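*Asks:* Please see the structure below; I have some questions.
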Amino acid sequence: MSITLDQAQIIAKAALAKGRALSLKPLSVVVLDPRASMVACMSEDGVSQLRAKIALGKASAAIQLGLGTRALMNRAEQQAYFIQAMNGLADGNFVPVPGGVLIRDKDGVLLGAVGISGDTSDNDETAALAGIAEAQLNADAG
């Protein structure tokens, strides 16, 4: 099972709306399926040029190791050489800081990951979680 385009767009739009509600800096959002293929990418007006790549790196890191990037950041603090090696294996597309969150269905099946960049890593993660929550609410209502 994989995230659908509709679900990915709901997550991205809700994450951007959360960013606006919190007055965050402009955000980029990338949603990947379980194979790490891009399903959706949205960037707000005024976002800096590298933010979409950083968001992709966060989502990719989460998918590639099956952990949210907050957990990967904690691991990087404990095992810097391991995370450095993973980044090399991922051709530099591995950003282990908060803002990359796994997306699972109500049964825990992995559907994909979302990565967000633009504000602080903690705020990026808050927007990502809001986007996922909105998608789950829509799925429950549907």
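Note on naming: chains are A, B, ... as they come in the structure tokens, residues start from 1 per chain, ligands start from 1 in the order shown.
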Would you return as a PyMOL selection string the members of region 53-103 of chain A that DSSP assigns to strand (DSSP E) on this structure's backbone?
*Replies:* chain A and resi 100-103
*Asks:* Limited to all heavy atoms, could you put the picked residues into a file as a compact mmCIF listing (two decimals), in the first residue's frame?
*Replies:*
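And here is the file that came out, selection16.txt:
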```txt
# COMPACT_ATOMS: atom_id res chain seq x y z
N GLY A 100 11.27 15.39 9.13
CA GLY A 100 10.97 14.22 8.30
C GLY A 100 10.18 13.23 9.14
O GLY A 100 10.67 12.75 10.16
N VAL A 101 8.95 12.93 8.72
CA VAL A 101 8.05 12.10 9.52
C VAL A 101 7.47 10.99 8.65
O VAL A 101 7.02 11.24 7.53
CB VAL A 101 6.89 12.96 10.10
CG1 VAL A 101 5.94 12.12 10.94
CG2 VAL A 101 7.45 14.12 10.93
N LEU A 102 7.48 9.78 9.18
CA LEU A 102 6.86 8.65 8.49
C LEU A 102 5.34 8.80 8.50
O LEU A 102 4.77 9.29 9.48
CB LEU A 102 7.26 7.33 9.14
CG LEU A 102 8.74 6.97 9.05
CD1 LEU A 102 9.02 5.72 9.89
CD2 LEU A 102 9.17 6.76 7.60
N ILE A 103 4.71 8.35 7.44
CA ILE A 103 3.24 8.37 7.33
C ILE A 103 2.77 6.93 7.37
O ILE A 103 3.18 6.11 6.55
CB ILE A 103 2.79 9.03 6.01
CG1 ILE A 103 3.37 10.44 5.88
CG2 ILE A 103 1.27 9.04 5.91
CD1 ILE A 103 3.29 11.00 4.47
```
*Asks:* Wanna dump the region 51-70 of chain A-region 7-30 of chain A contacts at 7 Å for me, each residue with its shortest atom pair and the distance in Å to one decimal, counting only C-alpha atoms, ordered by chain and number, as CSV?
*Replies:*
```
residue,atom,partner,partner_atom,distance
A:Arg51,CA,A:Ser28,CA,5.8
A:Ala52,CA,A:Ser28,CA,5.2
A:Ala55,CA,A:Val30,CA,5.8
A:Leu56,CA,A:Val30,CA,5.7
A:Ala59,CA,A:Val30,CA,7.0
```
*Asks:* How close does region 32-110 of chain A get to region 117-121 of chain A? List, as CSV, each residue of region 32-110 of chain A within 12 Å, its nearest atom pair and the distance in Å to one decimal, counting only C-alpha atoms.
*Replies:*
```
residue,atom,partner,partner_atom,distance
A:Cys41,CA,A:Ser117,CA,11.6
A:Met42,CA,A:Ser117,CA,10.9
A:Ser43,CA,A:Gly118,CA,9.3
A:Glu44,CA,A:Gly118,CA,9.4
A:Asp45,CA,A:Gly118,CA,11.4
A:Gly46,CA,A:Gly118,CA,10.0
A:Val47,CA,A:Gly118,CA,6.8
A:Ser48,CA,A:Gly118,CA,7.6
A:Gln49,CA,A:Gly118,CA,10.0
A:Leu50,CA,A:Ser117,CA,9.0
A:Arg51,CA,A:Ser117,CA,5.4
A:Ala52,CA,A:Ser117,CA,7.0
A:Lys53,CA,A:Ser117,CA,8.6
A:Ile54,CA,A:Ser117,CA,6.1
A:Ala55,CA,A:Ser117,CA,5.0
A:Leu56,CA,A:Ser117,CA,8.8
A:Gly57,CA,A:Ser117,CA,9.6
A:Lys58,CA,A:Ser117,CA,8.3
A:Ala59,CA,A:Ser117,CA,10.2
A:Thr69,CA,A:Ser121,CA,9.7
A:Arg70,CA,A:Ser121,CA,9.0
A:Met73,CA,A:Ser121,CA,10.7
A:Val95,CA,A:Ser117,CA,10.4
A:Pro96,CA,A:Ser121,CA,10.1
A:Val97,CA,A:Ser121,CA,6.5
A:Pro98,CA,A:Ser121,CA,4.9
A:Gly99,CA,A:Ser121,CA,5.6
A:Gly100,CA,A:Ser117,CA,9.0
A:Val101,CA,A:Ser121,CA,11.7
```
*Asks:* Any idea what the distance is between CA of Met86 (chain A) and CA of Asp105 (chain A)?
*Replies:*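 CA of Asp105 (chain A) lies 26.8 Å from CA of Met86 (chain A).
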*Asks:* If I take CA of Ala135 (chain A) and CA of Ile3 (chain A), how far is one from the other in Å, to one decimal?
*Replies:* 10.4 Å
*Asks:* Between A:Ile83, A:Ala139, A:Ala128, A:Leu110, which one has atoms that come closest to Gly66 (chain A), using only C-alpha atoms?
*Replies:*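 The shortest atom-to-atom distance to Gly66 (chain A) comes from A:Leu110.
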*Asks:* Within region 5-114 of chain A, find each residue whose DSSP state, derived from the backbone, is alpha helix (DSSP H), and express the selection as a ChimeraX atom specification.
*Replies:* /A:5-21,51-65,69-78,80-89
*Asks:* Those residues with C-alpha atoms, as a JSON list (two decimals), in the first residue's frame please?
*Replies:*
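In the end it all went to result10.json:
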```json
[["chain", "number", "residue", "atom", "x", "y", "z"],
["A", 5, "LEU", "CA", -1.81, 11.71, -4.66],
["A", 6, "ASP", "CA", -4.95, 13.00, -2.93],
["A", 7, "GLN", "CA", -3.58, 12.07, 0.51],
["A", 8, "ALA", "CA", -0.19, 13.62, -0.31],
["A", 9, "GLN", "CA", -1.84, 16.87, -1.40],
["A", 10, "ILE", "CA", -3.96, 16.98, 1.77],
["A", 11, "ILE", "CA", -0.82, 16.53, 3.88],
["A", 12, "ALA", "CA", 1.12, 19.19, 1.99],
["A", 13, "LYS", "CA", -1.71, 21.73, 2.02],
["A", 14, "ALA", "CA", -2.48, 21.16, 5.71],
["A", 15, "ALA", "CA", 1.20, 21.44, 6.63],
["A", 16, "LEU", "CA", 1.46, 24.74, 4.75],
["A", 17, "ALA", "CA", -1.74, 25.97, 6.44],
["A", 18, "LYS", "CA", -0.24, 25.08, 9.83],
["A", 19, "GLY", "CA", 2.85, 27.05, 8.88],
["A", 20, "ARG", "CA", 0.72, 30.09, 8.06],
["A", 21, "ALA", "CA", -1.28, 29.69, 11.29],
["A", 51, "ARG", "CA", 14.49, 24.28, 0.96],
["A", 52, "ALA", "CA", 12.77, 21.76, -1.35],
["A", 53, "LYS", "CA", 15.99, 19.72, -1.53],
["A", 54, "ILE", "CA", 16.32, 19.82, 2.26],
["A", 55, "ALA", "CA", 12.69, 18.70, 2.64],
["A", 56, "LEU", "CA", 13.39, 15.86, 0.20],
["A", 57, "GLY", "CA", 16.47, 14.89, 2.22],
["A", 58, "LYS", "CA", 14.43, 14.78, 5.42],
["A", 59, "ALA", "CA", 11.67, 12.63, 3.88],
["A", 60, "SER", "CA", 14.24, 10.39, 2.19],
["A", 61, "ALA", "CA", 16.17, 9.86, 5.42],
["A", 62, "ALA", "CA", 12.98, 8.84, 7.22],
["A", 63, "ILE", "CA", 11.98, 6.34, 4.49],
["A", 64, "GLN", "CA", 15.47, 4.93, 4.01],
["A", 65, "LEU", "CA", 15.98, 4.01, 7.66],
["A", 69, "THR", "CA", 14.33, 12.33, 11.49],
["A", 70, "ARG", "CA", 14.11, 13.41, 15.13],
["A", 71, "ALA", "CA", 15.16, 9.85, 16.06],
["A", 72, "LEU", "CA", 17.85, 9.99, 13.37],
["A", 73, "MET", "CA", 19.19, 13.25, 14.82],
["A", 74, "ASN", "CA", 19.43, 11.59, 18.22],
["A", 75, "ARG", "CA", 21.24, 8.66, 16.62],
["A", 76, "ALA", "CA", 23.58, 11.07, 14.82],
["A", 77, "GLU", "CA", 24.54, 12.54, 18.17],
["A", 78, "GLN", "CA", 25.41, 9.06, 19.44],
["A", 80, "ALA", "CA", 28.04, 10.29, 13.99],
["A", 81, "TYR", "CA", 30.12, 7.93, 11.83],
["A", 82, "PHE", "CA", 27.10, 5.72, 11.12],
["A", 83, "ILE", "CA", 24.94, 8.65, 10.01],
["A", 84, "GLN", "CA", 27.82, 10.05, 7.95],
["A", 85, "ALA", "CA", 28.12, 6.65, 6.22],
["A", 86, "MET", "CA", 24.36, 6.59, 5.58],
["A", 87, "ASN", "CA", 24.55, 10.03, 4.00],
["A", 88, "GLY", "CA", 27.32, 8.78, 1.73],
["A", 89, "LEU", "CA", 25.25, 5.74, 0.71]]
```
*Asks:* What does the distance from CA of Ala90 (chain A) to CA of Lys106 (chain A) come to in Å, to one decimal?
*Replies:* 29.3 Å
*Asks:* Residues near Arg104 (chain A), anyone? I mean within 10 Å using only C-alpha atoms, not counting same-chain ones fewer than 4 positions away, as a short mmCIF file (atom, residue, chain, number, x, y, z; two decimals) with N, CA and C atoms, in the first residue's frame.
*Replies:*
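What ended up in part.cif:
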```cif
data_model
loop_
_atom_site.label_atom_id
_atom_site.label_comp_id
_atom_site.auth_asym_id
_atom_site.auth_seq_id
_atom_site.Cartn_x
_atom_site.Cartn_y
_atom_site.Cartn_z
N SER A 2 0.40 2.28 -0.63
CA SER A 2 1.17 3.50 -0.78
C SER A 2 0.26 4.70 -0.62
N ILE A 3 0.87 5.82 -0.28
CA ILE A 3 0.11 7.06 -0.17
C ILE A 3 -0.42 7.44 -1.56
N GLY A 108 -0.85 0.90 11.11
CA GLY A 108 0.60 0.99 11.22
C GLY A 108 1.36 0.66 9.94
N VAL A 109 0.65 0.47 8.85
CA VAL A 109 1.30 0.17 7.57
C VAL A 109 1.95 1.44 7.03
N LEU A 110 3.20 1.33 6.61
CA LEU A 110 3.93 2.47 6.09
C LEU A 110 3.37 2.89 4.73
N LEU A 111 2.94 4.15 4.63
CA LEU A 111 2.40 4.71 3.39
C LEU A 111 3.40 5.62 2.68
N GLY A 112 4.34 6.19 3.44
CA GLY A 112 5.30 7.12 2.87
C GLY A 112 5.93 7.97 3.95
N ALA A 113 6.42 9.12 3.55
CA ALA A 113 7.03 10.07 4.49
C ALA A 113 6.83 11.48 3.97
N ILE A 132 -0.11 15.36 8.53
CA ILE A 132 -0.47 13.95 8.66
C ILE A 132 -1.77 13.80 9.43
N GLN A 136 -5.28 11.99 8.17
CA GLN A 136 -5.93 10.91 8.92
C GLN A 136 -7.36 11.26 9.27
#
```
